[in-house]
file model-v9.txt (compact mmCIF, C-alpha atoms)
# COMPACT_ATOMS: atom_id res chain seq x y z
CA MET R 126 -60.48 -5.87 16.88
CA LYS R 127 -59.67 -9.01 15.02
CA THR R 128 -57.68 -8.79 11.81
CA HIS R 129 -58.57 -10.89 8.77
CA GLN R 130 -55.56 -11.74 6.66
CA GLY R 131 -55.72 -12.21 2.92
CA HIS R 132 -59.41 -11.52 2.29
CA LEU R 133 -59.33 -8.05 0.65
CA GLN R 134 -59.62 -7.54 -3.09
CA TRP R 135 -57.68 -4.64 -4.63
CA TRP R 136 -60.82 -2.67 -5.53
CA HIS R 137 -62.12 -3.10 -1.97
CA LEU R 138 -58.92 -1.59 -0.61
CA SER R 139 -59.43 1.36 -3.00
CA LEU R 140 -62.93 1.88 -1.60
CA LEU R 141 -61.62 1.74 1.98
CA GLY R 142 -58.89 4.21 0.97
CA VAL R 143 -61.51 6.68 -0.29
CA ALA R 144 -63.43 6.27 2.98
CA CYS R 145 -60.29 6.94 5.05
CA THR R 146 -59.20 9.94 2.95
CA VAL R 147 -62.31 11.94 2.00
CA GLY R 148 -63.43 13.65 5.19
CA THR R 149 -63.25 16.84 7.19
CA GLY R 150 -59.74 17.55 5.91
CA PHE R 151 -61.38 18.27 2.56
CA PHE R 152 -64.90 19.38 3.46
CA LEU R 153 -63.80 21.90 6.11
CA GLY R 154 -60.03 22.14 5.72
CA SER R 155 -60.47 23.33 2.13
CA SER R 156 -62.15 26.47 3.48
CA ILE R 157 -58.89 27.44 5.22
CA ALA R 158 -56.95 26.74 2.02
CA LEU R 159 -59.43 28.87 0.03
CA HIS R 160 -59.13 31.67 2.57
CA LYS R 161 -55.34 31.72 2.32
CA SER R 162 -54.75 30.80 -1.34
CA GLY R 163 -57.85 31.94 -3.24
CA PHE R 164 -58.09 30.58 -6.77
CA ASP R 165 -54.53 29.26 -6.53
CA VAL R 166 -55.93 26.46 -4.40
CA MET R 167 -56.56 24.63 -7.70
CA ILE R 168 -52.82 24.53 -8.38
CA LEU R 169 -52.19 23.39 -4.81
CA PHE R 170 -54.61 20.47 -5.15
CA VAL R 171 -52.73 19.26 -8.23
CA LEU R 172 -49.37 19.55 -6.44
CA ALA R 173 -50.67 17.85 -3.29
CA ALA R 174 -52.21 15.03 -5.34
CA LEU R 175 -48.85 14.41 -7.04
CA GLY R 176 -46.96 14.54 -3.75
CA SER R 177 -49.44 12.17 -2.08
CA TYR R 178 -49.18 9.74 -4.99
CA PHE R 179 -45.37 9.72 -4.80
CA VAL R 180 -45.58 8.96 -1.07
CA PHE R 181 -48.03 6.14 -1.66
CA GLU R 182 -45.89 4.79 -4.50
CA ALA R 183 -42.93 4.50 -2.13
CA LEU R 184 -45.08 2.80 0.51
CA ALA R 185 -46.67 0.46 -2.07
CA ALA R 186 -43.25 -0.59 -3.38
CA MET R 187 -42.29 -1.77 0.11
CA THR R 188 -45.69 -3.35 0.78
CA ALA R 189 -45.74 -5.31 -2.50
CA GLU R 190 -42.31 -6.81 -1.81
CA GLN R 191 -42.77 -7.44 1.90
CA PRO R 192 -46.29 -7.05 3.41
CA GLU R 193 -46.03 -6.17 7.09
CA LYS R 194 -48.74 -5.62 9.70
CA GLY R 195 -46.75 -2.68 11.07
CA SER R 196 -46.44 -1.20 7.55
CA PHE R 197 -44.30 1.95 7.38
CA ARG R 198 -43.23 1.67 11.02
CA THR R 199 -41.73 -1.77 10.35
CA TYR R 200 -40.05 -0.50 7.17
CA ALA R 201 -38.54 2.45 9.05
CA LYS R 202 -37.13 0.01 11.61
CA GLN R 203 -35.61 -2.11 8.84
CA ALA R 204 -34.14 0.96 7.15
CA PHE R 205 -32.66 2.85 10.10
CA GLY R 206 -32.92 0.70 13.22
CA PRO R 207 -35.13 0.44 16.32
CA TRP R 208 -35.20 4.18 16.99
CA ALA R 209 -36.85 4.87 13.62
CA GLY R 210 -39.56 2.25 14.11
CA PHE R 211 -40.25 3.54 17.61
CA SER R 212 -40.38 7.23 16.70
CA SER R 213 -42.35 6.79 13.45
CA GLY R 214 -44.93 4.65 15.25
CA TRP R 215 -45.48 7.22 17.98
CA LEU R 216 -45.43 10.09 15.50
CA TYR R 217 -48.19 8.41 13.54
CA TRP R 218 -50.14 7.67 16.70
CA SER R 219 -49.90 11.38 17.61
CA SER R 220 -50.96 12.52 14.13
CA GLU R 221 -54.00 10.24 14.08
CA MET R 222 -55.06 11.38 17.55
CA LEU R 223 -54.87 14.97 16.28
CA ILE R 224 -56.83 14.01 13.16
CA SER R 225 -59.48 12.41 15.39
CA GLY R 226 -59.61 15.66 17.35
CA SER R 227 -59.95 17.77 14.21
CA SER R 228 -62.68 15.46 12.90
CA LEU R 229 -64.56 15.70 16.19
CA THR R 230 -64.33 19.50 16.06
CA ALA R 231 -65.50 19.63 12.45
CA LEU R 232 -68.39 17.26 13.17
CA SER R 233 -69.48 19.53 15.99
CA ILE R 234 -69.27 22.62 13.76
CA PHE R 235 -71.39 20.88 11.11
CA SER R 236 -73.93 19.84 13.77
CA GLN R 237 -74.21 23.40 15.05
CA PHE R 238 -75.59 24.27 11.60
CA TRP R 239 -78.87 22.76 12.89
CA PHE R 240 -78.40 23.25 16.64
CA PRO R 241 -76.43 26.49 17.08
CA GLN R 242 -77.20 26.75 20.81
CA VAL R 243 -75.63 23.40 21.71
CA PRO R 244 -71.98 23.74 22.89
CA LEU R 245 -69.32 22.10 20.71
CA TRP R 246 -68.02 19.86 23.50
CA ILE R 247 -71.38 18.07 23.82
CA PHE R 248 -71.32 17.10 20.16
CA THR R 249 -67.68 16.00 20.39
CA SER R 250 -68.51 13.73 23.33
CA ILE R 251 -71.40 12.08 21.45
CA TYR R 252 -69.42 11.49 18.25
CA ALA R 253 -66.39 10.17 20.16
CA ALA R 254 -68.57 7.56 21.89
CA LEU R 255 -70.23 6.50 18.61
CA GLY R 256 -66.85 6.19 16.88
CA LEU R 257 -65.41 3.99 19.60
CA THR R 258 -68.48 1.73 19.34
CA VAL R 259 -67.77 1.11 15.65
CA VAL R 260 -64.09 0.37 16.37
CA ILE R 261 -65.02 -2.12 19.11
CA LEU R 262 -67.13 -4.04 16.57
CA GLY R 263 -63.81 -5.09 15.03
CA THR R 264 -62.12 -4.94 11.63
CA LYS R 265 -64.99 -6.68 9.87
CA GLY R 266 -67.52 -4.23 11.27
CA LEU R 267 -65.25 -1.33 10.36
CA GLU R 268 -64.93 -2.46 6.76
CA LYS R 269 -68.69 -2.80 6.34
CA THR R 270 -69.29 0.61 7.89
CA GLU R 271 -66.59 2.29 5.82
CA ASP R 272 -67.87 0.65 2.61
CA ILE R 273 -71.30 2.19 3.11
CA LEU R 274 -69.95 5.59 4.17
CA SER R 275 -67.47 5.80 1.29
CA ILE R 276 -70.25 5.18 -1.25
CA ILE R 277 -72.37 7.90 0.39
CA LYS R 278 -69.44 10.35 0.31
CA ILE R 279 -68.63 9.67 -3.34
CA ALA R 280 -72.31 9.95 -4.30
CA ALA R 281 -72.64 13.28 -2.46
CA ILE R 282 -69.63 14.85 -4.18
CA VAL R 283 -70.81 13.53 -7.55
CA MET R 284 -74.23 15.04 -6.81
CA PHE R 285 -72.63 18.40 -5.98
CA ILE R 286 -70.60 18.25 -9.20
CA PHE R 287 -73.73 17.46 -11.25
CA VAL R 288 -75.77 20.27 -9.65
CA ALA R 289 -72.93 22.79 -10.00
CA LEU R 290 -72.26 21.76 -13.61
CA SER R 291 -75.95 21.99 -14.51
CA ILE R 292 -76.11 25.51 -13.04
CA TRP R 293 -72.91 26.59 -14.75
CA LEU R 294 -74.06 25.28 -18.16
CA ASP R 295 -77.72 26.35 -17.64
CA TRP R 296 -79.05 22.84 -18.13
CA PHE R 297 -81.91 23.36 -15.67
CA ASP R 298 -83.78 26.31 -14.23
CA TRP R 299 -83.16 26.05 -10.48
CA GLY R 300 -85.56 28.90 -9.75
CA ARG R 301 -83.08 31.67 -9.04
CA SER R 302 -81.29 34.16 -11.25
CA ARG R 303 -77.59 34.43 -10.58
CA VAL R 304 -74.65 36.52 -11.54
CA LYS R 305 -71.67 34.30 -12.28
CA PRO R 306 -68.42 35.59 -10.79
CA SER R 307 -66.06 36.98 -13.38
CA ILE R 308 -62.68 35.22 -13.31
CA SER R 309 -59.48 36.63 -14.77
CA LEU R 310 -55.74 36.07 -14.47
CA TYR R 311 -55.76 38.61 -11.64
CA HIS R 312 -57.71 36.21 -9.39
CA PHE R 313 -54.93 33.63 -9.71
CA LEU R 314 -52.12 36.14 -9.20
CA SER R 315 -53.61 38.15 -6.31
CA PRO R 316 -52.79 35.71 -3.42
CA GLY R 317 -49.20 35.46 -4.68
CA TRP R 318 -46.55 32.99 -3.62
CA ARG R 319 -47.19 33.65 0.07
CA GLY R 320 -50.85 32.62 -0.18
CA MET R 321 -49.95 29.39 -1.97
CA TRP R 322 -47.17 28.67 0.48
CA THR R 323 -49.37 29.08 3.58
CA GLY R 324 -52.29 27.17 2.06
CA LEU R 325 -50.35 24.08 0.96
CA ILE R 326 -50.47 22.34 4.36
CA TYR R 327 -54.29 22.37 4.40
CA VAL R 328 -54.52 20.90 0.89
CA PHE R 329 -52.09 18.13 1.86
CA PHE R 330 -54.23 17.55 4.95
CA ALA R 331 -57.16 16.73 2.63
CA PHE R 332 -55.17 13.72 1.33
CA GLY R 333 -54.37 12.43 4.82
CA GLY R 334 -55.41 8.78 5.02
CA ILE R 335 -53.41 7.21 2.21
CA GLU R 336 -51.05 5.69 4.78
CA VAL R 337 -53.98 3.78 6.33
CA MET R 338 -54.09 1.79 3.08
CA GLY R 339 -50.58 0.62 3.94
CA LEU R 340 -51.81 -0.69 7.29
CA MET R 341 -54.76 -2.45 5.64
CA ALA R 342 -52.74 -3.76 2.68
CA ALA R 343 -51.46 -6.69 4.75
CA GLY R 344 -54.98 -8.10 4.36
CA LEU R 345 -54.89 -8.11 0.55
CA SER R 346 -55.39 -11.49 -1.07
CA GLU R 347 -52.67 -10.42 -3.54
CA PRO R 348 -50.29 -7.87 -1.91
CA LYS R 349 -48.64 -6.95 -5.22
CA GLN R 350 -51.94 -5.35 -6.31
CA VAL R 351 -51.56 -2.62 -3.68
CA MET R 352 -50.20 -0.22 -6.33
CA LYS R 353 -53.30 -0.72 -8.48
CA SER R 354 -55.49 0.03 -5.45
CA GLY R 355 -53.63 3.24 -4.67
CA LYS R 356 -53.69 4.51 -8.25
CA LEU R 357 -57.45 4.07 -8.51
CA MET R 358 -58.09 5.60 -5.10
CA LEU R 359 -55.88 8.67 -5.61
CA ALA R 360 -57.12 9.25 -9.17
CA LEU R 361 -60.73 9.19 -7.96
CA VAL R 362 -60.06 11.40 -4.93
CA ALA R 363 -58.04 13.95 -6.94
CA PHE R 364 -60.74 14.13 -9.62
CA LEU R 365 -63.52 14.66 -7.07
CA TYR R 366 -61.51 17.29 -5.15
CA ILE R 367 -60.35 19.33 -8.12
CA THR R 368 -63.64 19.19 -10.04
CA SER R 369 -65.86 20.10 -7.09
CA ILE R 370 -63.62 22.96 -5.87
CA GLY R 371 -63.22 24.27 -9.43
CA LEU R 372 -66.99 24.39 -10.01
CA LEU R 373 -67.49 26.01 -6.63
CA LEU R 374 -65.09 28.81 -7.56
CA VAL R 375 -66.70 29.55 -10.93
CA LEU R 376 -70.19 29.72 -9.39
CA VAL R 377 -69.74 31.47 -6.05
CA PRO R 378 -67.77 34.69 -5.34
CA LEU R 379 -64.70 33.89 -3.28
CA ASP R 380 -65.59 36.37 -0.54
CA GLN R 381 -68.73 34.34 0.23
CA LEU R 382 -66.72 31.21 1.04
CA GLN R 383 -65.70 32.07 4.59
CA GLN R 384 -63.38 30.04 6.77
CA GLU R 385 -65.79 29.18 9.61
CA GLU R 386 -68.06 26.85 7.60
CA SER R 387 -67.75 24.28 4.86
CA PRO R 388 -67.43 26.03 1.46
CA PHE R 389 -69.84 23.48 -0.03
CA VAL R 390 -72.66 24.32 2.37
CA LEU R 391 -71.97 28.03 1.86
CA GLY R 392 -71.89 27.52 -1.88
CA LEU R 393 -75.27 25.77 -1.95
CA ARG R 394 -76.70 28.50 0.29
CA SER R 395 -75.37 31.19 -2.03
CA LEU R 396 -76.92 29.40 -5.01
CA GLY R 397 -80.30 29.39 -3.28
CA LEU R 398 -80.64 25.63 -2.80
CA PRO R 399 -81.67 25.22 0.87
CA ALA R 400 -82.84 21.61 0.54
CA LEU R 401 -79.50 20.53 -0.92
CA GLU R 402 -77.71 22.65 1.67
CA HIS R 403 -79.26 20.65 4.51
CA MET R 404 -78.72 17.34 2.74
CA PHE R 405 -75.07 18.09 2.05
CA ASN R 406 -74.51 19.10 5.66
CA ALA R 407 -75.76 15.65 6.67
CA VAL R 408 -73.25 14.11 4.25
CA LEU R 409 -70.47 16.22 5.79
CA ILE R 410 -71.28 14.71 9.17
CA ILE R 411 -71.21 11.21 7.65
CA ALA R 412 -67.86 11.96 5.96
CA GLY R 413 -66.33 13.39 9.11
CA PHE R 414 -67.55 10.46 11.18
CA SER R 415 -66.03 8.03 8.67
CA THR R 416 -62.63 9.75 8.84
CA MET R 417 -62.73 9.87 12.63
CA VAL R 418 -63.50 6.14 12.89
CA ALA R 419 -60.65 5.33 10.49
CA SER R 420 -58.27 7.41 12.64
CA GLN R 421 -59.41 5.73 15.85
CA TYR R 422 -58.92 2.32 14.25
CA ALA R 423 -55.46 3.28 12.94
CA VAL R 424 -54.15 4.61 16.26
CA THR R 425 -55.44 1.58 18.17
CA LEU R 426 -53.93 -0.87 15.68
CA MET R 427 -50.63 1.02 15.68
CA LEU R 428 -50.50 0.98 19.48
CA VAL R 429 -51.07 -2.79 19.51
CA THR R 430 -48.22 -3.39 17.03
CA LEU R 431 -45.96 -1.04 19.00
CA ALA R 432 -46.64 -3.05 22.14
CA GLU R 433 -46.12 -6.39 20.37
CA ASP R 434 -42.71 -5.15 19.17
CA GLY R 435 -41.71 -3.86 22.59
CA ASP R 436 -42.01 -0.17 21.65
CA ALA R 437 -44.95 0.41 24.01
CA PRO R 438 -45.94 -1.15 27.37
CA ASN R 439 -46.90 -4.80 26.87
CA CYS R 440 -50.35 -4.25 28.39
CA PHE R 441 -51.44 -2.46 25.20
CA SER R 442 -51.08 -5.71 23.23
CA ILE R 443 -53.65 -7.54 25.40
CA LYS R 444 -56.81 -8.54 23.51
CA ILE R 445 -59.97 -9.57 25.29
CA GLY R 446 -63.12 -11.47 24.32
CA LYS R 447 -64.36 -13.24 21.18
CA ARG R 448 -63.60 -10.23 19.01
CA GLN R 449 -60.07 -10.04 20.42
CA THR R 450 -60.60 -6.34 21.21
CA PRO R 451 -57.51 -4.52 22.59
CA TYR R 452 -59.29 -2.66 25.38
CA PRO R 453 -56.10 -1.28 27.02
CA ALA R 454 -55.07 0.28 23.69
CA LEU R 455 -58.58 1.62 23.23
CA GLY R 456 -58.31 3.11 26.72
CA LEU R 457 -55.35 5.24 25.68
CA THR R 458 -57.27 6.30 22.56
CA VAL R 459 -60.14 7.37 24.81
CA MET R 460 -57.74 9.47 26.89
CA GLY R 461 -56.60 11.25 23.73
CA LEU R 462 -60.21 11.90 22.72
CA VAL R 463 -60.99 13.31 26.17
CA ILE R 464 -58.12 15.77 25.75
CA SER R 465 -59.59 16.80 22.37
CA ILE R 466 -63.00 17.35 23.97
CA LEU R 467 -61.45 19.50 26.72
CA LEU R 468 -59.58 21.57 24.12
CA VAL R 469 -62.82 22.17 22.22
CA ALA R 470 -64.48 23.28 25.47
CA TRP R 471 -61.66 25.62 26.48
CA LEU R 472 -60.47 26.94 23.11
CA PRO R 473 -63.47 27.10 20.74
CA LYS R 474 -62.18 29.99 18.62
CA HIS R 475 -60.24 28.75 15.56
CA ILE R 476 -59.67 25.43 17.32
CA PHE R 477 -60.17 23.50 14.08
CA GLU R 478 -57.43 25.41 12.28
CA HIS R 479 -54.95 24.88 15.13
CA ILE R 480 -55.63 21.14 15.43
CA ALA R 481 -55.74 20.66 11.63
CA THR R 482 -52.39 22.43 11.26
CA ALA R 483 -50.74 20.28 13.94
CA ALA R 484 -52.32 17.08 12.57
CA GLY R 485 -51.28 17.86 9.01
CA LEU R 486 -47.71 18.62 10.04
CA VAL R 487 -47.20 15.48 12.15
CA LEU R 488 -48.73 13.41 9.35
CA LEU R 489 -46.28 14.92 6.86
CA TYR R 490 -43.41 14.07 9.21
CA THR R 491 -44.59 10.43 8.99
CA TRP R 492 -44.79 10.65 5.19
CA SER R 493 -41.20 11.95 5.14
CA ILE R 494 -40.06 8.86 7.05
CA ILE R 495 -41.83 6.66 4.47
CA LEU R 496 -39.99 8.43 1.63
CA LEU R 497 -36.63 8.16 3.36
CA SER R 498 -37.13 4.49 4.24
CA ALA R 499 -38.09 3.26 0.76
CA PRO R 500 -34.63 3.44 -0.91
CA LYS R 501 -33.13 1.41 1.95
CA VAL R 502 -35.83 -1.27 2.04
CA VAL R 503 -36.38 -1.84 -1.70
CA LYS R 504 -34.44 -1.03 -4.82
CA LEU R 505 -35.95 2.11 -6.34
CA SER R 506 -35.38 3.17 -9.92
CA VAL R 507 -33.84 6.55 -10.69
CA LYS R 508 -37.32 7.75 -11.59
CA GLY R 509 -38.61 6.54 -8.23
CA LYS R 510 -35.84 8.38 -6.38
CA ILE R 511 -36.62 11.60 -8.27
CA LYS R 512 -40.30 11.27 -7.34
CA SER R 513 -39.37 10.83 -3.68
CA PHE R 514 -37.15 13.91 -3.84
CA ILE R 515 -40.01 15.96 -5.37
CA ALA R 516 -42.41 14.76 -2.68
CA LEU R 517 -39.95 15.68 0.07
CA GLY R 518 -39.60 19.14 -1.48
CA LEU R 519 -43.39 19.66 -1.50
CA ILE R 520 -43.64 18.44 2.08
CA GLY R 521 -40.85 20.82 3.10
CA ALA R 522 -42.72 23.71 1.46
CA ALA R 523 -45.94 22.79 3.28
CA VAL R 524 -44.20 22.56 6.66
CA SER R 525 -42.27 25.82 6.29
CA GLY R 526 -45.40 27.66 5.10
CA THR R 527 -46.90 27.37 8.58
CA TRP R 528 -44.22 29.71 9.93
CA LEU R 529 -45.47 32.62 7.85
CA GLU R 530 -48.80 33.33 9.54
CA ALA R 531 -49.72 33.81 13.19
CA SER R 532 -52.87 31.67 12.83
CA SER R 533 -50.89 28.55 11.85
CA ARG R 534 -47.93 28.96 14.22
CA PRO R 535 -49.71 27.44 17.27
CA GLY R 536 -50.26 24.25 15.25
CA PHE R 537 -46.60 24.22 14.25
CA GLY R 538 -45.64 24.68 17.91
CA VAL R 539 -47.75 21.67 18.94
CA SER R 540 -46.21 19.50 16.21
CA LEU R 541 -42.72 20.57 17.24
CA LEU R 542 -43.47 19.82 20.89
CA LEU R 543 -44.63 16.30 19.96
CA VAL R 544 -41.44 15.71 17.95
CA VAL R 545 -39.27 16.89 20.87
CA VAL R 546 -41.11 14.67 23.38
CA ILE R 547 -40.91 11.59 21.12
CA ALA R 548 -37.22 12.31 20.39
CA ALA R 549 -36.49 12.56 24.12
CA VAL R 550 -38.23 9.25 24.87
CA THR R 551 -36.43 7.65 21.92
CA TRP R 552 -33.09 8.81 23.33
CA PHE R 553 -33.88 7.23 26.72
CA MET R 554 -34.89 3.97 24.99
CA ARG R 555 -31.41 3.50 23.52
CA ALA R 556 -30.20 1.57 26.58
CA LYS R 557 -32.97 -1.02 26.11
CA TRP R 558 -32.15 -1.50 22.43
CA ARG R 559 -28.43 -1.85 23.18
CA SER R 560 -29.09 -4.51 25.82
CA SER R 561 -31.36 -6.45 23.44
CA VAL R 562 -28.64 -6.41 20.77
call {"tool": "encode", "arguments": {"input": "model-v9.txt", "output": "structure tokens"}}
result
Amino acid sequence: MKTHQGHLQWWHLSLLGVACTVGTGFFLGSSIALHKSGFDVMILFVLAALGSYFVFEALAAMTAEQPEKGSFRTYAKQAFGPWAGFSSGWLYWSSEMLISGSSLTALSIFSQFWFPQVPLWIFTSIYAALGLTVVILGTKGLEKTEDILSIIKIAAIVMFIFVALSIWLDWFDWGRSRVKPSISLYHFLSPGWRGMWTGLIYVFFAFGGIEVMGLMAAGLSEPKQVMKSGKLMLALVAFLYITSIGLLLVLVPLDQLQQEESPFVLGLRSLGLPALEHMFNAVLIIAGFSTMVASQYAVTLMLVTLAEDGDAPNCFSIKIGKRQTPYPALGLTVMGLVISILLVAWLPKHIFEHIATAAGLVLLYTWSIILLSAPKVVKLSVKGKIKSFIALGLIGAAVSGTWLEASSRPGFGVSLLLVVVIAAVTWFMRAKWRSSV
């Protein structure tokens, strides 16, 4: 997995950011948010977009001033010491392994749309093997793959927006009479504060992937353009998310958008468009595969940098062959994927929600470290500090919202267990850091 320094243009990084962000967190995770928050999910998407942008702004400020291969893990180490770099690196590794697991689960659910008799674990095994093949091709192969997949994903959402808009405005006769759902203030007030609170984590989860841009930003030909890349990427992603979900809600009754399937496939089915329903399901698989590959790449790269800095066994830094592929690091990634496959086989009911909750929470813990590191690594303006404070408040609301419902508490328990384990290992590592000093 050979890295190529200084070859990326800012717009290319934006495209890669879209590929790493738009995936199952949005296409399937949004169904959980809709189930919990109803029409208020529109407000949540705006809040999550702002919070995500403030996190990226803090990361971009550090990257522009001092590009580092280890990105936020290196900045945490500079800000707070070895323990912060160690713990943030392993937290991120854990979150990306969970995201890979959630993507595998979602891919399997989408595939069962065509093959309902095939067990989920068989699909997860196939997609895991395909994803690892792309990662082994190296950074260059990954970029080419993600470029193609990101364009397909953007085109599919744009297509959905066009079809939904044409139906809403009666531009074309799609061959079926419909009754548009009536929307009033009541629909926005009915879920209440509790619905918004419990749904926020799943909307944030849809923006997971912005931190991968920080890892890839070291390859920018002009690192100071990282902010421009992030602004374009987040503006595009937020527009696509909010517009597509908004049109879905004005065309399809909320009670028809159930939690077990993608709301977009259900929406097209409700609108009587079977051909588009099948086509969009294929795009969902492409999107989920893209996100999963990005996660596998991120965890492997993070493990290599951890090993190179002495925060993981040195064997994980070994690279083999012409492509300089870190097979030992990939081996640990494979072990994590095997665990995900076993979980899907043993716990098929609501497994996606549990894994998505845990993945979203651990990812937000990493984002919190980014926000706390920025003021110590670079000089932030008062406005920048206020933005970081707002983002931390939104993250705190998302994390605490998982306590309120029984369905999200298992995910919170898993995230807490990971934090405790990493904290315990960090505590035992203190002797090594003291001796090195």
call {"tool": "atom_distance", "arguments": {"input": "model-v9.txt", "atom1": "CA of Phe477 (chain R)", "atom2": "CA of Ile261 (chain R)"}}
result
26.6 Å
call {"tool": "residues_around", "arguments": {"input": "model-v9.txt", "residues": "region 227-244 of chain R", "least_positions_apart": "6", "cutoff": "6 Å", "atoms": "all atoms listed in the file", "output": "ChimeraX atom specification"}}
result
/R:149,410,413,417,477,480-481
call {"tool": "axis_aligned_box", "arguments": {"input": "model-v9.txt", "around": "region 210-215 of chain R", "padding_each_side": "6 Å", "output": "AutoDock Vina command-line options"}}
result
--center_x -42.5 --center_y 4.7 --center_z 15.7 --size_x 17.9 --size_y 17.0 --size_z 16.5
call {"tool": "closest_residue", "arguments": {"input": "model-v9.txt", "among": "R:Cys145, R:Leu245, R:Leu345, R:Leu379", "to": "Asp165 (chain R)", "atoms": "only C-alpha atoms"}}
result
R:Leu379
call {"tool": "atom_distance", "arguments": {"input": "model-v9.txt", "atom1": "CA of Asp434 (chain R)", "atom2": "CA of Ala483 (chain R)"}}
result
27.2 Å
call {"tool": "residues_around", "arguments": {"input": "model-v9.txt", "residues": "region 511-528 of chain R", "least_positions_apart": "5", "cutoff": "6 Å", "atoms": "all atoms listed in the file", "output": "NGL selection string"}}
result
:R and (176 or 179 or 322-323 or 325-326 or 496 or 533-534)
call {"tool": "atom_distance", "arguments": {"input": "model-v9.txt", "atom1": "CA of Gly538 (chain R)", "atom2": "CA of Leu467 (chain R)"}}
result
18.8 Å
call {"tool": "closest_residue", "arguments": {"input": "model-v9.txt", "among": "R:Trp471, R:Phe330, R:Phe441, R:Phe181", "to": "Leu488 (chain R)", "atoms": "all atoms listed in the file"}}
result
R:Phe330
call {"tool": "build_atoms", "arguments": {"input": "model-v9.txt", "residues": "region 506-511 of chain R", "atoms": "all heavy atoms", "output": "PDB file, in the coordinates of the input"}}
result
ATOM      1  N   SER R 506     -35.974   2.693  -8.671  1.00  0.00           N
ATOM      2  CA  SER R 506     -35.380   3.170  -9.920  1.00  0.00           C
ATOM      3  C   SER R 506     -34.975   4.626  -9.761  1.00  0.00           C
ATOM      4  O   SER R 506     -35.353   5.298  -8.790  1.00  0.00           O
ATOM      5  CB  SER R 506     -36.380   3.024 -11.063  1.00  0.00           C
ATOM      6  OG  SER R 506     -37.501   3.861 -10.827  1.00  0.00           O
ATOM      7  N   VAL R 507     -34.222   5.132 -10.714  1.00  0.00           N
ATOM      8  CA  VAL R 507     -33.840   6.550 -10.690  1.00  0.00           C
ATOM      9  C   VAL R 507     -35.085   7.421 -10.707  1.00  0.00           C
ATOM     10  O   VAL R 507     -35.179   8.429 -10.002  1.00  0.00           O
ATOM     11  CB  VAL R 507     -32.930   6.880 -11.905  1.00  0.00           C
ATOM     12  CG1 VAL R 507     -32.648   8.379 -11.959  1.00  0.00           C
ATOM     13  CG2 VAL R 507     -31.623   6.097 -11.810  1.00  0.00           C
ATOM     14  N   LYS R 508     -36.063   7.020 -11.519  1.00  0.00           N
ATOM     15  CA  LYS R 508     -37.320   7.750 -11.590  1.00  0.00           C
ATOM     16  C   LYS R 508     -38.023   7.763 -10.238  1.00  0.00           C
ATOM     17  O   LYS R 508     -38.578   8.783  -9.806  1.00  0.00           O
ATOM     18  CB  LYS R 508     -38.224   7.113 -12.650  1.00  0.00           C
ATOM     19  CG  LYS R 508     -39.510   7.871 -12.926  1.00  0.00           C
ATOM     20  CD  LYS R 508     -40.309   7.181 -14.018  1.00  0.00           C
ATOM     21  CE  LYS R 508     -41.612   7.907 -14.295  1.00  0.00           C
ATOM     22  NZ  LYS R 508     -42.423   7.205 -15.334  1.00  0.00           N
ATOM     23  N   GLY R 509     -37.996   6.621  -9.549  1.00  0.00           N
ATOM     24  CA  GLY R 509     -38.610   6.540  -8.230  1.00  0.00           C
ATOM     25  C   GLY R 509     -37.922   7.437  -7.219  1.00  0.00           C
ATOM     26  O   GLY R 509     -38.582   8.060  -6.381  1.00  0.00           O
ATOM     27  N   LYS R 510     -36.589   7.503  -7.293  1.00  0.00           N
ATOM     28  CA  LYS R 510     -35.840   8.380  -6.380  1.00  0.00           C
ATOM     29  C   LYS R 510     -36.134   9.842  -6.648  1.00  0.00           C
ATOM     30  O   LYS R 510     -36.243  10.649  -5.713  1.00  0.00           O
ATOM     31  CB  LYS R 510     -34.341   8.099  -6.515  1.00  0.00           C
ATOM     32  CG  LYS R 510     -33.931   6.726  -5.990  1.00  0.00           C
ATOM     33  CD  LYS R 510     -32.450   6.471  -6.205  1.00  0.00           C
ATOM     34  CE  LYS R 510     -32.045   5.088  -5.698  1.00  0.00           C
ATOM     35  NZ  LYS R 510     -30.615   4.797  -5.944  1.00  0.00           N
ATOM     36  N   ILE R 511     -36.296  10.211  -7.924  1.00  0.00           N
ATOM     37  CA  ILE R 511     -36.620  11.600  -8.270  1.00  0.00           C
ATOM     38  C   ILE R 511     -38.003  11.962  -7.733  1.00  0.00           C
ATOM     39  O   ILE R 511     -38.218  13.050  -7.185  1.00  0.00           O
ATOM     40  CB  ILE R 511     -36.556  11.799  -9.802  1.00  0.00           C
ATOM     41  CG1 ILE R 511     -35.123  11.683 -10.290  1.00  0.00           C
ATOM     42  CG2 ILE R 511     -37.151  13.144 -10.198  1.00  0.00           C
ATOM     43  CD1 ILE R 511     -34.981  11.675 -11.799  1.00  0.00           C
TER      44      ILE R 511
END
